[in-house]
Amino acid sequence: MNTVQQIRFIWKPIVFLLCLAPAALVVGDAFGITGQLSANPVEDIQDRYGNWAIRFIMITLSITPLRRITGWNWLLRFSRMFGLFTFFYALMHFLTWLLLDQRLLMSAIIEDIVERPFITIGFTALLLLTAMAVTSTNSTRRRMGRTWKMLHYSVYAVGILGVWHYWWQVKKDTSDAWVYAVILALLLGYRLWREKTRNRA
Amino acid sequence: MLIKKPADIRPSEITSKENYLNRRDFIRAGSIAGASVLAGPALAAIVPDGDRAKLSDVSKSNFSTDETPNSYEDITTYNNYYEFGTGKDDPYQNAQNFEARPWSITVDGHAEKTGTFHFEDFIKPFDLEERIYRMRCVEAWSMVIPWVGIPLADVVKHYQPTSKAKYVAFETLHDTVRMPGQRRRVLQWPYREGLTIAEASNPLSILAVGVYGESLPNQNGAPIRLVVPWKYGFKGIKGIVRISFTEKRPPVSWNISAPHEYGFYANVNPEVNHPRWSQARERRIGSGLFAEKQPTLMFNGYGEQVAHLYDGLNLRKNY
C-alpha cells in the first residue's frame, strides 16, 4: 500500500470513528450504558454537541497552519472530514434544540431565532455550514470552480460566529469561551500574518 | 425508544418516599402529643451536626405544594453555587469537605436586638416547618423541593427592627480557602442578597436549614440559606453569615454583576424575558428527555400570597 492508500483505507476510518466517539458517548449516556446525563438531560446533550461543534471548527481551521508549519501535506486529506464533522455536531446541537428543547413549537422557535441574537448568530453559522456540506463532494467542487472557493472561505466566518454564539449564551463564566476565542484568534491571526509576509516578499 | 436513567446513588442511601411519609406522620403525631402536654409553646429548632442529620419536630405547612418533589439526587447534584464553581455539578463535587460548623451569624443594623450568634442559638427560638416549594431558576429550569426551615417573618420580628429598617440584607461567608470558587472573581464576593422588609415578613419567606427532613447539604447552602419561592432562585442566598437591617436598598450580587439582566426584585415573571432568553416557559428537572416545557406562572404561582406586595409597581421596569 502506498501512502495515499494507507491514509484512505487505514487512517481515515480510524479518525472517522474517533470523531464519532463524542456522539456515541452522548447516546451511551442517554441509555445509561457509558455513564449518565445530568439532571437536565436536554441541556446536557445540547451543550455537549455544541461544544464538539466548536472544537471541530477549531480542528478544521488548524489544518492549514499545521500543514504549513510541519510540512505534513497529508493533513489536507482530513480537512473535508473535519469540516463535515463540524457540520454534523452543529446539526445535532440544532436538532436537540429543535426537537427536544423546543419540541417543534413553531412560535417559540421563530421567537428564539428572530429575537435572541445569540441564536440568530448560531443559526447563521449552521446555514453556512450546511451550504459547505452539500457542496463538499469532488464533483460539485469541480463544477462550481471559483465560486466554490469563495463559498468555502465562509469557514472563517463560521469560526467567528460559533465562538460569538458560545460567548453570548454563557450566563456569567466566560472562561471557556475565552479559551476558544484565543485559539480562534491565533488560527486566523496566523493566516493574516502569512498573507502579509507573503505579499511583502 | 426507551431511555432509562440508572440511579447512581445506591437506593439505600435515599430515604424512600414511603419511609419518608411514614416518618412525617410519626412526627406529626408526636408533635400533636407534645403540644397537648406543653399546651402549644414553640418547639426549639434543632439541627444536629453531621451529614444528612435527621430533623425532628418538623411541622407541616399549608403553603406546601402537593406537586411531587424532585429526587434527593436531582436537588443535591444540580446546583448553582458559584462559591464552589460555576458548573452545575461543581457544588456537589467541591462542597463535600466543607465544614458548616462551627457557624455564626451576625445580625446588625437598624434593630433593637443585634449581635453575633452561634447557628444553634440563632435558630433555637423558632419552629421548624416543612415547606414544599417550587423553585424557578432564572435559567428557565425548575424543581420542587421539600425544604425544612424557619419562617423568616419570625426571625425579623425577633430582632425588633426599628422604623428605619426598610430592607433586610444578607451576606454569604467569604472564605477563599473553604469556598474555592471565590478565588476567581466571577462575581463580587461575598455574595449579597436583599429583600424589602415586607418581602422578608411575608409568610412564604423562610430560612431553610434542611431538605427532605434532613440537615441541609453543603452544596445547597449549609447550614442556612434563604428561600423565597416567588423569586428566581438566585435570590436564595446560601451559607448566610450576616443579616442586616438597612434603610437603603442593599446592593445585590447579580444586579452588581449584570444590572440590565438581573434586577433587585427578581420576581418570577413569564412576561418579562431575560435579555438573552425567554422566561415564558420552564423545564422541570426530572421530567425526562422527551418532556415538554411547562408554562411559567406569574410569581411562580404564589401570586395569591405575594402579588399585593407589588401593587402599583411597574414590574417591567422593576424586574
# chains A, B, ... in the order shown; residues from 1 in each chain; ligands from 1
call {"tool": "interface_residues", "arguments": {"of": "chain A", "to": "chain B", "cutoff": "8 Å", "atoms": "only C-alpha atoms", "output": "ChimeraX atom specification"}}
result
/A:30-32,36-42,100-103,112,116-118,169,172-173
call {"tool": "select_by_dssp", "arguments": {"residues": "stretch 61-162 of chain B", "states": "alpha helix (DSSP H)", "output": "PyMOL selection string"}}
result
chain B and resi 72-77+90-94+119-123+152-158
call {"tool": "residues_around", "arguments": {"residues": "A:Phe56", "least_positions_apart": "6", "cutoff": "10 Å", "atoms": "only C-alpha atoms", "output": "PyMOL selection string"}}
result
chain A and resi 19+50+62+81-90+159
call {"tool": "residues_around", "arguments": {"residues": "B:Ile46", "least_positions_apart": "4", "cutoff": "12 Å", "atoms": "only C-alpha atoms", "output": "list in words"}}
result
Ala53, Lys54, Leu55, Ser56, Asp57, Val58, Phe119, Glu120, Asp121, Phe122, Ile123, Lys124, Pro125, Phe126, Asp127, Leu128, Glu129, Val148, Gly149, Ile150, Val209, Gly210, Glu214, Ser215 and Pro223 of chain B
call {"tool": "atom_distance", "arguments": {"atom1": "atom CA of A:Glu115", "atom2": "atom CA of B:Glu282"}}
result
18.0 Å
call {"tool": "atom_distance", "arguments": {"atom1": "atom CA of B:Phe245", "atom2": "atom CA of B:Leu43"}}
result
26.2 Å
call {"tool": "closest_residue", "arguments": {"among": "A:Arg191, A:His93, A:Arg146, A:Arg80", "to": "A:Gln46", "atoms": "only C-alpha atoms"}}
result
A:His93
call {"tool": "closest_residue", "arguments": {"among": "B:Gln294, B:Ser253, B:Asn273, B:Thr172", "to": "B:Gly239", "atoms": "only C-alpha atoms"}}
result
B:Thr172
call {"tool": "residues_around", "arguments": {"residues": "A:Gly122", "least_positions_apart": "6", "cutoff": "9 Å", "atoms": "only C-alpha atoms", "output": "CSV table (one decimal) with N, CA and C atoms, in the first residue's frame"}}
result
chain,number,residue,atom,x,y,z
A,90,ALA,N,-22.8,20.5,14.8
A,90,ALA,CA,-23.6,21.7,14.9
A,90,ALA,C,-25.1,21.3,14.6
A,94,PHE,N,-28.3,21.7,16.9
A,94,PHE,CA,-29.5,22.4,16.5
A,94,PHE,C,-30.7,21.5,16.6
A,113,ILE,N,-35.2,32.5,17.2
A,113,ILE,CA,-34.3,32.8,16.1
A,113,ILE,C,-34.3,34.3,15.8
A,158,VAL,N,-17.7,31.1,10.0
A,158,VAL,CA,-18.4,30.1,10.9
A,158,VAL,C,-17.6,30.0,12.3
A,161,LEU,N,-18.5,33.3,14.1
A,161,LEU,CA,-19.9,33.2,14.6
A,161,LEU,C,-20.1,32.2,15.7
A,162,GLY,N,-19.4,31.0,15.6
A,162,GLY,CA,-19.5,30.0,16.5
A,162,GLY,C,-19.1,30.4,17.9
A,164,TRP,N,-18.7,33.5,19.0
A,164,TRP,CA,-19.6,34.6,19.4
A,164,TRP,C,-20.9,34.0,20.0
A,165,HIS,N,-21.5,33.0,19.3
A,165,HIS,CA,-22.7,32.3,19.8
A,165,HIS,C,-22.4,31.7,21.1
A,166,TYR,N,-21.3,31.1,21.3
A,166,TYR,CA,-21.0,30.4,22.6
A,166,TYR,C,-20.8,31.5,23.7
call {"tool": "atom_distance", "arguments": {"atom1": "atom CA of B:Pro250", "atom2": "atom CA of B:Pro161"}}
result
15.8 Å
call {"tool": "select_by_dssp", "arguments": {"residues": "stretch 48-255 of chain B", "states": "strand (DSSP E)", "output": "PyMOL selection string"}}
result
chain B and resi 58-59+104-109+115-118+128-136+141-151+167-172+192-196+206-211+214-215+225-227+240-246
call {"tool": "residues_around", "arguments": {"residues": "A:Asn73", "least_positions_apart": "5", "cutoff": "12 Å", "atoms": "only C-alpha atoms", "output": "number ranges by chain"}}
result
A: 3-4, 7, 63-68, 78-79
call {"tool": "write_last_selection", "arguments": {"atoms": "N, CA and C atoms", "output": "mmCIF file, in the first residue's frame"}}
result
data_model
loop_
_atom_site.group_PDB
_atom_site.id
_atom_site.type_symbol
_atom_site.label_atom_id
_atom_site.label_comp_id
_atom_site.auth_asym_id
_atom_site.auth_seq_id
_atom_site.Cartn_x
_atom_site.Cartn_y
_atom_site.Cartn_z
ATOM 1 N N THR A 3 1.250 5.513 0.417
ATOM 2 C CA THR A 3 0.809 6.424 1.479
ATOM 3 C C THR A 3 -0.644 6.855 1.293
ATOM 4 N N VAL A 4 -1.015 7.157 0.048
ATOM 5 C CA VAL A 4 -2.376 7.617 -0.215
ATOM 6 C C VAL A 4 -3.383 6.529 0.163
ATOM 7 N N ILE A 7 -3.646 6.129 3.955
ATOM 8 C CA ILE A 7 -4.488 7.166 4.550
ATOM 9 C C ILE A 7 -5.958 6.839 4.309
ATOM 10 N N ILE A 63 -5.832 22.882 10.451
ATOM 11 C CA ILE A 63 -5.175 22.034 9.450
ATOM 12 C C ILE A 63 -4.138 22.815 8.632
ATOM 13 N N THR A 64 -4.574 23.939 8.076
ATOM 14 C CA THR A 64 -3.678 24.712 7.209
ATOM 15 C C THR A 64 -2.433 25.222 7.955
ATOM 16 N N PRO A 65 -2.614 25.891 9.106
ATOM 17 C CA PRO A 65 -1.407 26.317 9.823
ATOM 18 C C PRO A 65 -0.484 25.151 10.179
ATOM 19 N N LEU A 66 -1.061 24.050 10.613
ATOM 20 C CA LEU A 66 -0.234 22.893 10.985
ATOM 21 C C LEU A 66 0.540 22.364 9.790
ATOM 22 N N ARG A 67 -0.145 22.300 8.664
ATOM 23 C CA ARG A 67 0.487 21.786 7.457
ATOM 24 C C ARG A 67 1.646 22.691 7.034
ATOM 25 N N ARG A 68 1.401 24.004 7.132
ATOM 26 C CA ARG A 68 2.446 24.958 6.740
ATOM 27 C C ARG A 68 3.655 24.855 7.653
ATOM 28 N N PHE A 78 -7.567 15.304 5.450
ATOM 29 C CA PHE A 78 -8.545 15.168 6.538
ATOM 30 C C PHE A 78 -9.434 16.399 6.692
ATOM 31 N N SER A 79 -9.125 17.458 5.930
ATOM 32 C CA SER A 79 -9.835 18.716 6.197
ATOM 33 C C SER A 79 -11.329 18.592 5.884
#
call {"tool": "residues_around", "arguments": {"residues": "A:Leu188", "least_positions_apart": "4", "cutoff": "8 Å", "atoms": "only C-alpha atoms", "output": "PyMOL selection string"}}
result
chain A and resi 156+184+192
call {"tool": "write_last_selection", "arguments": {"atoms": "N, CA and C atoms", "output": "short mmCIF file (atom, residue, chain, number, x, y, z; two decimals), in the first residue's frame"}}
result
data_model
loop_
_atom_site.label_atom_id
_atom_site.label_comp_id
_atom_site.auth_asym_id
_atom_site.auth_seq_id
_atom_site.Cartn_x
_atom_site.Cartn_y
_atom_site.Cartn_z
N TYR A 156 -14.21 30.60 7.84
CA TYR A 156 -13.68 31.56 8.83
C TYR A 156 -14.81 32.26 9.56
N LEU A 184 -9.02 30.73 18.32
CA LEU A 184 -9.50 31.22 17.03
C LEU A 184 -8.66 32.40 16.55
N LEU A 192 -3.49 35.77 8.54
CA LEU A 192 -3.27 37.18 8.20
C LEU A 192 -1.79 37.50 8.14
#
call {"tool": "decode", "arguments": {"residues": "stretch 29-54 of chain A", "atoms": "C-alpha atoms", "output": "mmCIF file, in the first residue's frame"}}
result
data_model
loop_
_atom_site.group_PDB
_atom_site.id
_atom_site.type_symbol
_atom_site.label_atom_id
_atom_site.label_comp_id
_atom_site.auth_asym_id
_atom_site.auth_seq_id
_atom_site.Cartn_x
_atom_site.Cartn_y
_atom_site.Cartn_z
ATOM 1 C CA ASP A 29 -25.039 8.173 28.417
ATOM 2 C CA ALA A 30 -28.661 8.710 27.369
ATOM 3 C CA PHE A 31 -29.190 4.952 27.601
ATOM 4 C CA GLY A 32 -27.198 4.717 30.825
ATOM 5 C CA ILE A 33 -24.549 2.461 29.268
ATOM 6 C CA THR A 34 -21.401 4.606 29.276
ATOM 7 C CA GLY A 35 -22.435 6.917 32.103
ATOM 8 C CA GLN A 36 -25.405 9.138 32.550
ATOM 9 C CA LEU A 37 -26.703 12.527 31.605
ATOM 10 C CA SER A 38 -27.109 15.346 34.118
ATOM 11 C CA ALA A 39 -30.349 16.144 35.957
ATOM 12 C CA ASN A 40 -31.140 18.396 32.993
ATOM 13 C CA PRO A 41 -30.548 15.898 30.168
ATOM 14 C CA VAL A 42 -31.738 18.104 27.297
ATOM 15 C CA GLU A 43 -29.382 20.894 28.267
ATOM 16 C CA ASP A 44 -26.597 18.358 28.777
ATOM 17 C CA ILE A 45 -26.983 16.862 25.276
ATOM 18 C CA GLN A 46 -27.307 20.269 23.658
ATOM 19 C CA ASP A 47 -24.203 21.608 25.425
ATOM 20 C CA ARG A 48 -22.105 18.587 24.571
ATOM 21 C CA TYR A 49 -22.971 18.636 20.859
ATOM 22 C CA GLY A 50 -22.432 22.394 20.778
ATOM 23 C CA ASN A 51 -19.062 22.097 22.477
ATOM 24 C CA TRP A 52 -17.928 19.488 19.960
ATOM 25 C CA ALA A 53 -19.073 21.640 17.059
ATOM 26 C CA ILE A 54 -16.817 24.435 18.364
#
